[in-house]
Amino acid sequence: RRWSSRPATIPLERCITDTDALLDRFRALLRISELEYLHRRAGFDGIDLSATLRQLHELYAPLAEDKSVRFSLEIVEPLVVRADAGLMFEAMSNLVSNAIKFTPTGGEVRLCAAVTSAGVRVDVIDSGPGIPAGERDSVLQRFYRSENCRDVEGFGLGLSIVAAIVRLHGFQLEIGAAHDGGGTRVSLRCWPEELVGASRAGTEDGRAAPATRL
């Protein structure tokens, strides 16, 4: 008598998938803990973020295209900040990946950067479902998933990693609506908190440098 291996294969594949997901979650938690206890800034140096953003645009453009999401890059050069290049890439990668993941087919994601009177500001703007005002602090906590996005696969850890990297650098992270109709704008202000007011004034009086769009 011949026995079919198919019934046993399905549970085995499901176990492998679940195990991989659990390991991914565990690695993300370890990464957050590592960043929270990493107080040294010896690896910080003056870096040009424009190169990092161009690299991210090139890396994620195929993913956006596969999903029929328009992905544009609008930056100025140079965008010099004092930071850890690898950690900044990791933070921006999480933001761009999230924006593309939560933007529906036919939507748009914009990766923008400008120099204000206080320093470099980077914005990741999408036309997705948006994050309600009452949840914008909560989404930075571990495992939190916005009510608008619970049907999208994920662990709710990506923004926690971003927040840990931002805190380590002494930068500021702000989440808001992309426009009156919804969407999300995540702004990374690459300067100390005491200069936030100056940056807003610089933006309002038009002193931010114009961006090159790709």
# chains A, B, ... in the order shown; residues from 1 in each chain; ligands from 1
$ select_by_dssp --residues "segment 79-137 of chain A" --states "strand (DSSP E)" --output "list in words"
Val80, Val81, Arg82, Ala83, Glu108, Val109, Arg110, Leu111, Cys112, Ala113, Ala114, Val115, Val120, Arg121, Val122, Asp123, Val124, Ile125 and Asp126 of chain A
$ atom_distance --atom1 "atom CA of Ser50 of chain A" --atom2 "atom CA of Gly176 of chain A"
23.1 Å
$ residues_around --residues "Arg185 of chain A" --least-positions-apart "5" --cutoff "6 Å" --atoms "only C-alpha atoms" --output "ChimeraX atom specification"
/A:124-125,175-178
$ closest_residue --among "A:Asp180, A:Glu174, A:Asp48, A:Asp66" --to "Lys101 of chain A" --atoms "only C-alpha atoms"
A:Asp66
$ residues_around --residues "Leu53 of chain A" --least-positions-apart "5" --cutoff "10 Å" --atoms "only C-alpha atoms" --output "ChimeraX atom specification"
/A:48,58-59,73-75,79,88-89,92-93,96,111-113,122
$ closest_residue --among "A:Leu49, A:Val81, A:Val109, A:Ala164" --to "Ala64 of chain A" --atoms "only C-alpha atoms"
A:Val109
